[in-house]
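File shown here: work26.cif, holding mmCIF, C-alpha atoms.
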data_run
#
loop_
_atom_site.label_atom_id
_atom_site.label_comp_id
_atom_site.auth_asym_id
_atom_site.auth_seq_id
_atom_site.Cartn_x
_atom_site.Cartn_y
_atom_site.Cartn_z
CA MET K 11 43.88 -138.46 -70.59
CA ALA K 12 41.58 -137.96 -67.61
CA ALA K 13 37.92 -138.93 -67.97
CA ASN K 14 36.87 -135.33 -67.30
CA ASP K 15 39.19 -134.09 -70.07
CA ALA K 16 37.59 -136.52 -72.53
CA ILE K 17 34.11 -135.28 -71.64
CA GLU K 18 35.20 -131.65 -72.04
CA LEU K 19 36.59 -132.45 -75.48
CA LYS K 20 33.27 -134.04 -76.43
CA VAL K 21 31.41 -130.97 -75.18
CA ALA K 22 33.62 -128.68 -77.27
CA ALA K 23 33.05 -130.83 -80.35
CA MET K 24 29.31 -130.89 -79.69
CA ARG K 25 29.16 -127.10 -79.40
CA ALA K 26 30.91 -126.79 -82.75
CA ALA K 27 28.50 -129.32 -84.28
CA LEU K 28 25.50 -127.41 -82.93
CA LYS K 29 26.84 -124.21 -84.49
CA HIS K 30 27.20 -125.99 -87.84
CA ALA K 31 23.66 -127.34 -87.43
CA ARG K 32 22.33 -123.82 -86.87
CA ASP K 33 24.12 -122.73 -90.03
CA ALA K 34 22.63 -125.68 -91.93
CA ILE K 35 18.97 -124.83 -91.26
CA PRO K 36 18.98 -121.91 -93.74
CA GLN K 37 20.16 -124.43 -96.33
CA VAL K 38 16.99 -126.40 -95.69
CA THR K 39 15.03 -123.24 -96.45
CA SER K 40 16.87 -122.78 -99.73
CA ILE K 41 15.97 -126.34 -100.74
CA ASP K 42 12.38 -126.36 -99.44
CA ALA K 43 11.12 -122.96 -98.31
CA GLU K 44 8.03 -124.24 -96.48
CA LEU K 45 9.93 -126.96 -94.64
CA GLY K 46 12.74 -124.59 -93.65
CA GLN K 47 10.39 -121.89 -92.42
CA ARG K 48 8.47 -124.31 -90.20
CA LEU K 49 11.68 -125.76 -88.79
CA LYS K 50 13.48 -122.48 -88.19
CA SER K 51 11.90 -121.34 -84.93
CA ARG K 52 11.48 -124.84 -83.52
CA PHE K 53 15.10 -125.78 -84.22
CA ALA K 54 16.41 -122.51 -82.75
CA LEU K 55 14.52 -123.23 -79.51
CA LEU K 56 15.88 -126.78 -79.28
CA ALA K 57 19.44 -125.67 -80.11
CA ASP K 58 19.27 -123.00 -77.39
CA ARG K 59 18.12 -125.65 -74.91
CA ALA K 60 20.95 -127.95 -75.96
CA ASP K 61 23.51 -125.16 -75.47
CA SER K 62 22.09 -124.32 -72.05
CA SER K 63 22.16 -127.98 -71.09
CA LEU K 64 25.83 -128.22 -72.04
CA ASP K 65 26.55 -125.07 -70.00
CA ALA K 66 25.14 -126.82 -66.93
CA LEU K 67 27.06 -130.04 -67.59
CA ASP K 68 29.30 -131.30 -64.77
CA PRO K 69 32.12 -133.45 -66.24
CA ALA K 70 32.46 -135.23 -62.90
CA ASP K 71 28.93 -136.63 -63.26
CA ARG K 72 29.52 -139.19 -65.99
CA GLU K 73 25.93 -140.45 -66.24
CA ASP K 74 24.35 -136.99 -66.44
CA SER K 75 27.02 -135.81 -68.90
CA SER K 76 26.27 -138.73 -71.20
CA LYS K 77 22.54 -137.92 -71.17
CA ARG K 78 23.15 -134.26 -72.03
CA LEU K 79 25.57 -135.12 -74.81
CA ARG K 80 23.22 -137.76 -76.17
CA LYS K 81 20.34 -135.24 -76.40
CA ALA K 82 22.55 -132.80 -78.27
CA GLN K 83 23.68 -135.61 -80.57
CA ASP K 84 20.05 -136.45 -81.30
CA LEU K 85 19.51 -132.87 -82.44
CA ILE K 86 22.50 -133.13 -84.79
CA ALA K 87 21.00 -136.32 -86.22
CA GLU K 88 17.71 -134.47 -86.71
CA THR K 89 19.52 -131.81 -88.74
CA LEU K 90 20.81 -134.48 -91.11
CA GLY K 91 17.30 -135.85 -91.37
CA PHE K 92 15.90 -132.40 -92.18
CA LEU K 93 18.43 -131.89 -94.98
CA ALA K 94 17.68 -135.31 -96.47
CA ALA K 95 13.93 -134.73 -96.15
CA ALA K 96 14.15 -131.34 -97.86
CA SER K 97 16.02 -132.91 -100.76
CA ALA K 98 13.50 -135.77 -100.98
CA ARG K 99 10.59 -133.32 -101.06
CA ARG K 100 12.35 -131.10 -103.58
CA ILE K 101 12.68 -133.94 -106.09
CA ASP K 102 9.17 -135.20 -105.24
CA LEU K 103 10.51 -138.52 -103.97
CA ASP K 104 7.51 -138.69 -101.64
CA ASP K 105 5.04 -137.96 -104.47
CA GLY K 106 3.83 -134.91 -102.56
CA VAL K 107 2.28 -137.04 -99.81
CA THR K 108 4.11 -135.43 -96.88
CA SER K 109 2.95 -131.95 -97.95
CA LEU K 110 -0.66 -133.16 -98.15
CA ALA K 111 -0.29 -134.85 -94.76
CA GLN K 112 1.17 -131.73 -93.19
CA ASP K 113 -1.68 -129.56 -94.46
CA TRP K 114 -4.25 -132.11 -93.28
CA LEU K 115 -2.77 -132.25 -89.79
CA ASP K 116 -2.73 -128.46 -89.64
CA MET K 117 -6.46 -128.43 -90.47
CA LEU K 118 -7.16 -130.96 -87.72
CA SER K 119 -5.13 -129.00 -85.17
CA ASP K 120 -7.06 -125.84 -86.00
CA ALA K 121 -10.40 -127.65 -85.71
CA ALA K 122 -9.55 -129.33 -82.39
CA GLY K 123 -7.79 -126.35 -80.82
CA LEU K 124 -4.46 -128.18 -80.66
CA PRO K 125 -0.90 -126.99 -81.34
CA LYS K 126 0.45 -127.74 -84.81
CA ILE K 127 3.15 -130.30 -85.42
CA ALA K 128 6.49 -128.84 -86.50
CA VAL K 129 6.59 -130.55 -89.89
CA VAL K 130 5.93 -133.81 -91.76
CA ILE K 131 8.95 -135.24 -93.57
CA PRO K 132 9.69 -138.39 -95.60
CA ALA K 133 11.96 -140.90 -93.83
CA PRO K 134 12.99 -144.58 -93.90
CA SER K 135 10.38 -145.42 -91.24
CA GLU K 136 7.35 -143.92 -89.52
CA PHE K 137 8.08 -142.08 -86.30
CA THR K 138 6.98 -139.02 -84.37
CA GLY K 139 9.61 -137.13 -82.38
CA MET K 140 8.03 -135.89 -79.19
CA VAL K 141 10.80 -133.33 -78.59
CA THR K 142 11.17 -132.01 -82.13
CA GLN K 143 7.45 -132.56 -82.91
CA VAL K 144 8.41 -133.87 -86.35
CA VAL K 145 6.23 -136.53 -87.99
CA ARG K 146 8.03 -138.95 -90.30
CA LEU K 147 6.26 -140.92 -93.01
CA ARG K 148 7.92 -143.96 -94.54
CA LEU K 149 9.45 -144.02 -98.00
CA PRO K 150 8.59 -145.45 -100.43
CA VAL K 151 5.07 -144.09 -100.07
CA ASP K 152 1.85 -145.85 -101.01
CA GLY K 153 0.25 -142.67 -102.32
CA VAL K 154 -3.04 -141.50 -100.86
CA TRP K 155 -3.76 -145.02 -99.59
CA GLY K 156 -1.08 -144.52 -96.95
CA LEU K 157 -2.10 -140.96 -96.04
CA PRO K 158 -4.09 -142.06 -92.93
CA VAL K 159 -0.82 -143.28 -91.37
CA ALA K 160 -0.09 -139.58 -90.81
CA ILE K 161 -3.12 -139.54 -88.50
CA HIS K 162 -1.72 -142.44 -86.49
CA GLU K 163 1.60 -140.60 -86.07
CA TYR K 164 -0.27 -137.42 -85.25
CA GLY K 165 -2.06 -139.43 -82.55
CA HIS K 166 1.22 -139.76 -80.64
CA PHE K 167 1.56 -135.98 -80.76
CA VAL K 168 -2.07 -135.46 -79.66
CA ALA K 169 -1.62 -137.81 -76.70
CA ALA K 170 1.34 -135.77 -75.50
CA GLN K 171 -0.01 -132.28 -76.30
CA MET K 172 -3.71 -132.38 -75.49
CA ALA K 173 -3.73 -130.26 -72.33
CA ARG K 174 -7.02 -129.69 -70.51
CA ARG K 175 -8.15 -127.89 -67.36
CA ALA K 176 -9.58 -130.42 -64.93
CA GLU K 177 -10.20 -130.85 -61.22
CA ARG K 178 -7.83 -133.17 -59.40
CA ASP K 179 -8.09 -133.71 -55.64
CA GLY K 180 -10.34 -130.67 -55.30
CA ILE K 181 -7.97 -128.35 -57.19
CA GLU K 182 -8.35 -127.31 -60.82
CA ARG K 183 -5.14 -127.64 -62.81
CA THR K 184 -3.84 -128.37 -66.29
CA VAL K 185 -3.68 -132.06 -67.14
CA VAL K 186 -2.75 -134.08 -70.22
CA PRO K 187 -5.40 -136.82 -69.99
CA PHE K 188 -3.97 -139.47 -72.30
CA GLU K 189 -0.32 -138.99 -71.43
CA ASP K 190 -1.15 -138.89 -67.71
CA LEU K 191 -3.15 -142.13 -67.98
CA LEU K 192 -0.38 -143.88 -69.94
CA HIS K 193 2.34 -142.75 -67.56
CA SER K 194 0.45 -143.44 -64.34
CA THR K 195 -0.61 -146.93 -65.46
CA ALA K 196 2.90 -147.90 -66.56
CA THR K 197 4.37 -146.56 -63.32
CA LYS K 198 1.76 -148.24 -61.12
CA GLU K 199 2.31 -151.61 -62.77
CA ASP K 200 6.08 -151.07 -62.89
CA LEU K 201 5.97 -151.98 -66.59
CA PRO K 202 7.45 -149.25 -68.87
CA ILE K 203 6.37 -151.33 -71.87
CA LEU K 204 2.75 -150.44 -71.01
CA TYR K 205 3.50 -146.81 -71.81
CA TRP K 206 4.77 -147.56 -75.32
CA HIS K 207 2.09 -150.16 -76.08
CA GLY K 208 -0.57 -147.82 -74.73
CA HIS K 209 0.70 -145.04 -77.00
CA GLU K 210 0.33 -147.31 -80.03
CA VAL K 211 -3.13 -148.45 -78.98
CA PHE K 212 -4.26 -144.85 -78.51
CA SER K 213 -2.80 -143.74 -81.85
CA ASP K 214 -4.55 -146.59 -83.68
CA ALA K 215 -7.84 -145.75 -81.96
CA PHE K 216 -7.37 -142.06 -82.77
CA ALA K 217 -6.59 -142.79 -86.44
CA ALA K 218 -9.70 -144.95 -86.80
CA ALA K 219 -11.84 -142.31 -85.09
CA THR K 220 -10.45 -139.51 -87.28
CA ALA K 221 -9.81 -141.12 -90.67
CA GLY K 222 -12.56 -143.73 -90.46
CA PRO K 223 -12.31 -147.12 -92.19
CA ALA K 224 -9.64 -145.81 -94.60
CA TYR K 225 -6.97 -146.31 -91.92
CA THR K 226 -8.04 -149.87 -91.13
CA HIS K 227 -8.25 -150.74 -94.83
CA TYR K 228 -4.66 -149.61 -95.20
CA CYS K 229 -3.47 -151.51 -92.12
CA ILE K 230 -5.04 -154.77 -93.30
CA ARG K 231 -3.95 -154.42 -96.92
CA TYR K 232 -0.51 -152.87 -96.57
CA ARG K 233 0.72 -152.61 -92.99
CA PHE K 234 0.12 -155.79 -91.02
CA ASP K 235 1.47 -159.17 -92.13
CA PRO K 236 -0.93 -161.93 -91.02
CA LEU K 237 2.05 -164.24 -90.39
CA THR K 238 3.32 -161.94 -87.62
CA ALA K 239 -0.10 -160.86 -86.38
CA HIS K 240 0.56 -162.11 -82.83
CA GLU K 241 4.11 -160.77 -82.62
CA VAL K 242 4.77 -158.35 -79.75
CA THR K 243 7.82 -156.06 -79.56
CA ALA K 244 9.20 -153.74 -76.90
CA THR K 245 7.41 -150.79 -78.50
CA HIS K 246 4.42 -152.25 -80.35
CA PRO K 247 1.58 -154.57 -79.31
CA SER K 248 0.39 -157.28 -81.68
CA ALA K 249 -1.41 -156.52 -84.93
CA VAL K 250 -4.30 -158.61 -83.62
CA ARG K 251 -4.77 -156.13 -80.78
CA ARG K 252 -4.23 -153.11 -83.02
CA ILE K 253 -6.89 -154.19 -85.52
CA ARG K 254 -9.21 -155.07 -82.66
CA VAL K 255 -9.01 -151.59 -81.14
CA GLN K 256 -9.61 -150.00 -84.54
CA LEU K 257 -12.70 -152.13 -85.12
CA THR K 258 -13.94 -151.34 -81.61
CA VAL K 259 -13.75 -147.62 -82.35
CA LEU K 260 -15.36 -148.05 -85.77
CA ASP K 261 -18.19 -150.06 -84.17
CA ALA K 262 -18.78 -147.15 -81.79
CA LEU K 263 -18.87 -144.68 -84.69
CA ALA K 264 -21.17 -146.99 -86.67
CA SER K 265 -23.67 -147.08 -83.82
CA LYS K 266 -24.28 -143.36 -84.38
CA ASP K 267 -23.85 -143.23 -88.15
CA ARG K 268 -26.78 -142.58 -90.46
CA GLY K 269 -27.71 -145.01 -93.23
CA GLY K 270 -25.98 -148.13 -91.96
CA PHE K 271 -23.15 -147.85 -94.50
CA LEU K 272 -20.47 -147.77 -91.81
CA THR K 273 -21.89 -150.84 -90.06
CA GLY K 274 -21.59 -152.81 -93.29
CA GLU K 275 -18.09 -151.48 -93.93
CA VAL K 276 -16.86 -152.50 -90.49
CA ALA K 277 -18.36 -155.97 -90.90
CA GLY K 278 -16.50 -156.29 -94.21
CA LEU K 279 -13.21 -155.22 -92.62
CA ARG K 280 -13.62 -157.71 -89.78
CA LYS K 281 -14.38 -160.48 -92.26
CA MET K 282 -11.38 -159.56 -94.44
CA TRP K 283 -8.96 -159.56 -91.49
CA LEU K 284 -10.17 -162.92 -90.16
CA ALA K 285 -9.99 -164.43 -93.65
CA ARG K 286 -6.39 -163.28 -94.05
CA LEU K 287 -5.41 -164.77 -90.71
CA GLU K 288 -7.11 -168.08 -91.41
CA ALA K 289 -5.69 -168.27 -94.95
CA ASN K 290 -2.21 -168.12 -93.43
CA GLY K 291 -2.98 -170.66 -90.71
CA VAL K 292 -2.84 -168.03 -87.97
CA ASP K 293 -5.02 -168.29 -84.89
CA PRO K 294 -7.57 -165.44 -85.13
CA GLY K 295 -7.98 -165.45 -81.34
CA GLU K 296 -7.74 -162.03 -79.73
CA ALA K 297 -4.65 -160.91 -77.83
CA SER K 298 -5.01 -160.84 -74.06
CA ASP K 299 -2.95 -159.01 -71.45
CA PRO K 300 -4.16 -158.38 -67.89
CA GLN K 301 -2.42 -154.97 -67.71
CA LEU K 302 -2.92 -153.69 -71.26
CA ASP K 303 -6.56 -154.84 -71.66
CA PRO K 304 -8.05 -152.41 -69.09
CA LEU K 305 -5.74 -149.62 -70.29
CA GLU K 306 -6.95 -150.17 -73.86
CA HIS K 307 -10.57 -149.89 -72.68
CA GLU K 308 -9.89 -146.70 -70.74
CA LEU K 309 -8.06 -145.09 -73.65
CA VAL K 310 -10.90 -145.80 -76.07
CA GLN K 311 -13.53 -144.49 -73.67
CA LEU K 312 -11.50 -141.35 -72.97
CA LEU K 313 -11.03 -140.77 -76.70
CA LEU K 314 -14.71 -141.16 -77.57
CA ALA K 315 -15.80 -138.93 -74.70
CA ASP K 316 -13.50 -136.01 -75.50
CA GLU K 317 -15.54 -133.05 -76.77
CA ASP K 318 -12.69 -131.28 -78.58
CA LEU K 319 -11.58 -134.39 -80.44
CA SER K 320 -15.19 -135.05 -81.38
CA ARG K 321 -14.93 -132.03 -83.71
CA ILE K 322 -12.52 -133.93 -85.94
CA ARG K 323 -14.18 -137.32 -85.58
CA TYR K 324 -15.16 -139.20 -88.73
CA ARG K 325 -18.92 -139.28 -89.25
CA ASP K 326 -21.57 -139.55 -91.96
CA HIS K 327 -20.09 -142.44 -93.94
CA ALA K 328 -23.00 -142.02 -96.35
CA ALA K 329 -21.31 -138.82 -97.54
CA ALA K 330 -18.27 -140.82 -98.60
CA ARG K 331 -20.50 -143.31 -100.38
CA ALA K 332 -22.27 -140.48 -102.24
CA LEU K 333 -18.90 -138.97 -103.13
CA ALA K 334 -17.79 -142.29 -104.61
CA GLU K 335 -20.78 -142.42 -106.95
CA GLN K 336 -19.42 -139.47 -108.95
CA PRO K 337 -15.99 -139.16 -110.64
CA LEU K 338 -13.65 -138.11 -107.84
CA ASP K 339 -11.81 -135.61 -110.02
CA GLN K 340 -15.05 -133.83 -111.01
CA GLN K 341 -16.41 -132.93 -107.58
CA ARG K 342 -17.80 -129.40 -107.36
CA GLN K 343 -18.08 -129.21 -103.60
CA PRO K 344 -14.95 -130.55 -101.85
CA SER K 345 -15.72 -132.77 -98.89
CA SER K 346 -13.39 -133.52 -95.94
CA VAL K 347 -10.08 -135.28 -96.48
CA ALA K 348 -11.36 -138.32 -94.57
CA HIS K 349 -14.46 -138.51 -96.76
CA ALA K 350 -12.31 -138.27 -99.91
CA LEU K 351 -10.08 -141.15 -98.72
CA ASN K 352 -13.02 -143.33 -97.75
CA ALA K 353 -14.74 -142.60 -101.06
CA ALA K 354 -11.58 -143.87 -102.76
CA TRP K 355 -11.87 -147.15 -100.87
CA PHE K 356 -15.51 -147.47 -101.96
CA ARG K 357 -14.37 -147.07 -105.57
CA ARG K 358 -11.46 -149.44 -105.15
CA GLN K 359 -13.57 -152.21 -103.63
CA ALA K 360 -16.11 -151.88 -106.43
CA ILE K 361 -13.33 -152.25 -109.02
CA GLU K 362 -11.89 -155.32 -107.29
CA LYS K 363 -15.33 -156.89 -107.08
CA ASP K 364 -16.32 -156.31 -110.72
CA GLU K 365 -12.97 -156.79 -112.50
CA THR K 366 -10.99 -160.05 -112.75
CA ASP K 367 -7.92 -158.99 -114.73
CA PRO K 368 -5.17 -157.97 -112.22
CA HIS K 369 -3.55 -155.65 -114.77
CA VAL K 370 -6.80 -153.81 -115.43
CA ILE K 371 -7.53 -153.62 -111.69
CA ALA K 372 -4.12 -152.04 -111.06
CA GLN K 373 -4.65 -149.47 -113.81
CA ARG K 374 -8.10 -148.50 -112.60
CA VAL K 375 -7.02 -148.34 -108.96
CA ASP K 376 -4.10 -146.08 -109.93
CA LYS K 377 -6.55 -143.73 -111.65
CA VAL K 378 -8.70 -143.65 -108.51
CA ALA K 379 -5.63 -142.84 -106.43
CA GLU K 380 -4.61 -139.98 -108.72
CA ALA K 381 -8.13 -138.53 -108.72
CA THR K 382 -8.28 -138.83 -104.92
CA LYS K 383 -4.97 -137.03 -104.55
CA LYS K 384 -6.36 -134.11 -106.56
CA LEU K 385 -9.56 -134.09 -104.53
CA VAL K 386 -7.61 -134.05 -101.25
CA GLY K 387 -5.67 -131.09 -102.60
CA GLN K 388 -8.95 -129.31 -103.38
CA VAL K 389 -10.27 -129.96 -99.86
CA ILE K 390 -7.08 -128.52 -98.36
CA ASP K 391 -7.12 -125.50 -100.68
CA HIS K 392 -10.69 -124.71 -99.61
CA GLY K 393 -9.72 -124.99 -95.95
#
Translate the structure of the given file into structure tokens.
Amino acid sequence: MAANDAIELKVAAMRAALKHARDAIPQVTSIDAELGQRLKSRFALLADRADSSLDALDPADREDSSKRLRKAQDLIAETLGFLAAASARRIDLDDGVTSLAQDWLDMLSDAAGLPKIAVVIPAPSEFTGMVTQVVRLRLPVDGVWGLPVAIHEYGHFVAAQMARRAERDGIERTVVPFEDLLHSTATKEDLPILYWHGHEVFSDAFAAATAGPAYTHYCIRYRFDPLTAHEVTATHPSAVRRIRVQLTVLDALASKDRGGFLTGEVAGLRKMWLARLEANGVDPGEASDPQLDPLEHELVQLLLADEDLSRIRYRDHAAARALAEQPLDQQRQPSSVAHALNAAWFRRQAIEKDETDPHVIAQRVDKVAEATKKLVGQVIDHG
């Protein structure tokens, strides 16, 4: 069989698979109406693009043909993911967290004048698809404690979608500030890894700026293993750097926060992280990289200076402290989602400080989590 014939057979099979995928989306709606409705228009657009791409495919160009087929295959894989996610949400395997996250991100998009993500779904690992605009949150979930991770994933979306009108070389045009900075820096240094590491740094900075200390609490307690704190991968910088950028952003927020509560909270987080590193015999020294260091600084400064993103920035930590002084499930006036999550951490830390019995601590913390989940739902319901 000629190579071109094999490619044409693959194209025919892919077209059939795309048709089946189109037919499958209504099944998602029957399982989870909200999920299916949000996916319907987005999937139709992507499927049309995939079909058009296959129409333009030249079997003689093996490299280009492989790229086009691979993109269509990715869309087929997404369909399987949607079906699995709909089933997981239907049986409440995610404990309702992805629905809360989706509603929270919608609120933030409205407030910042940004497009909305397509959908938030449960998945084996956290990931944001830039093409499908689907945010995945890892199963099993950690309840409301892990909810700020949705903000980190949303940060990837914001970096790629935040278009602005700006003057460049004397001409006003549309730019995407964060994505442009990440791409230009990686290209200039001829280091593609800078793009991916920069994306993670920005998303961590964005999560800290939007969710406040709640995100850093979660990273230190649940997400980052001190034993691998200096480990660097092809897509992620070290945990040492990631915590550092979060604390840098929180320090900046604390400098403008009333009451001094945030300053004390950040000091406690810094102390906790260093103690965990030292307890495991890990050098607490900061990560250093001559290319990534200046990019990290620029990203943080750009984030803190953005006027639209300032509308969703975490502020007034005293409000979270005041919220924590009353039973979380008996609040008359719902606060923001970020304040509810940070109030939960105030309550949790107080329990861990006053109680010595691990079993009692776990029970009381679980009650705080359940009350916080209800409060977050109230905040979302009130818009």
For the structure provided, state which residues fall under the PyMOL selection byres ((chain K and resi 264) around 10), and present them as a compact mmCIF listing (two decimals) with C-alpha atoms, in the frame of the given file.
# COMPACT_ATOMS: atom_id res chain seq x y z
CA GLY K 222 -12.56 -143.73 -90.46
CA THR K 258 -13.94 -151.34 -81.61
CA VAL K 259 -13.75 -147.62 -82.35
CA LEU K 260 -15.36 -148.05 -85.77
CA ASP K 261 -18.19 -150.06 -84.17
CA ALA K 262 -18.78 -147.15 -81.79
CA LEU K 263 -18.87 -144.68 -84.69
CA SER K 265 -23.67 -147.08 -83.82
CA LYS K 266 -24.28 -143.36 -84.38
CA ASP K 267 -23.85 -143.23 -88.15
CA ARG K 268 -26.78 -142.58 -90.46
CA GLY K 269 -27.71 -145.01 -93.23
CA GLY K 270 -25.98 -148.13 -91.96
CA PHE K 271 -23.15 -147.85 -94.50
CA LEU K 272 -20.47 -147.77 -91.81
CA THR K 273 -21.89 -150.84 -90.06
CA GLY K 274 -21.59 -152.81 -93.29
CA GLU K 275 -18.09 -151.48 -93.93
CA VAL K 276 -16.86 -152.50 -90.49
CA ARG K 325 -18.92 -139.28 -89.25
CA ASP K 326 -21.57 -139.55 -91.96
CA HIS K 327 -20.09 -142.44 -93.94
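CA of Arg321 in chain K lies 13.6 Å from CA of Leu115 in chain K.
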The centre and edge lengths of an axis-aligned box containing all atoms of range 167-172 of chain K present in the file, extended by 8 Å on each side, are to be given in Å to one decimal, as JSON.
{"center_x": -1.1, "center_y": -135.0, "center_z": -78.1, "size_x": 21.3, "size_y": 21.5, "size_z": 21.3}
*Using only C-alpha atoms, which residue out of K:Glu335, K:Ala297, K:Trp206, K:Leu257 lies closest to Thr243 in chain K?*
K:Trp206
_Using all atoms listed in the file for the distances, tell me which of K:Glu88, K:Asp339, K:Glu306, K:Asp376 is nearest to Leu28 in chain K._
K:Glu88
_12 Å contact set for range 109-113 of chain K, only C-alpha atoms, chain neighbours under 2 positions out, as a ChimeraX atom specification_ = /K:42,44-45,48,95-96,98-100,102-107,115-120,126-132,144-147,151,153-164,347-348,382-393
*asked:* What would the selection look like, as a PyMOL selection string, if the PyMOL selection byres ((chain K and resi 62-76) around 9) were run on the coordinates I just shared?
replied: chain K and resi 13-18+21+24-25+57-61+77-82
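The gap separating CA of Pro150 in chain K from CA of Ala133 in chain K is 8.7 Å, in Å to one decimal.
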*Which residue, K:Glu199, K:Glu317, K:Asp293, K:Asp84, has the smallest gap to Ala31 in chain K when you use all atoms listed in the file?*
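Once distances to Ala31 in chain K are computed over all atoms listed in the file, the minimum belongs to K:Asp84.
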*How many Å separate CA of Lys29 in chain K from CA of Leu56 in chain K?*
12.4 Å
*asked:* From the options K:Ala328, K:Val38, K:Met172, K:Ile253, which residue's atoms come nearest to Tyr225 in chain K, counting all atoms listed in the file?
replied: K:Ile253
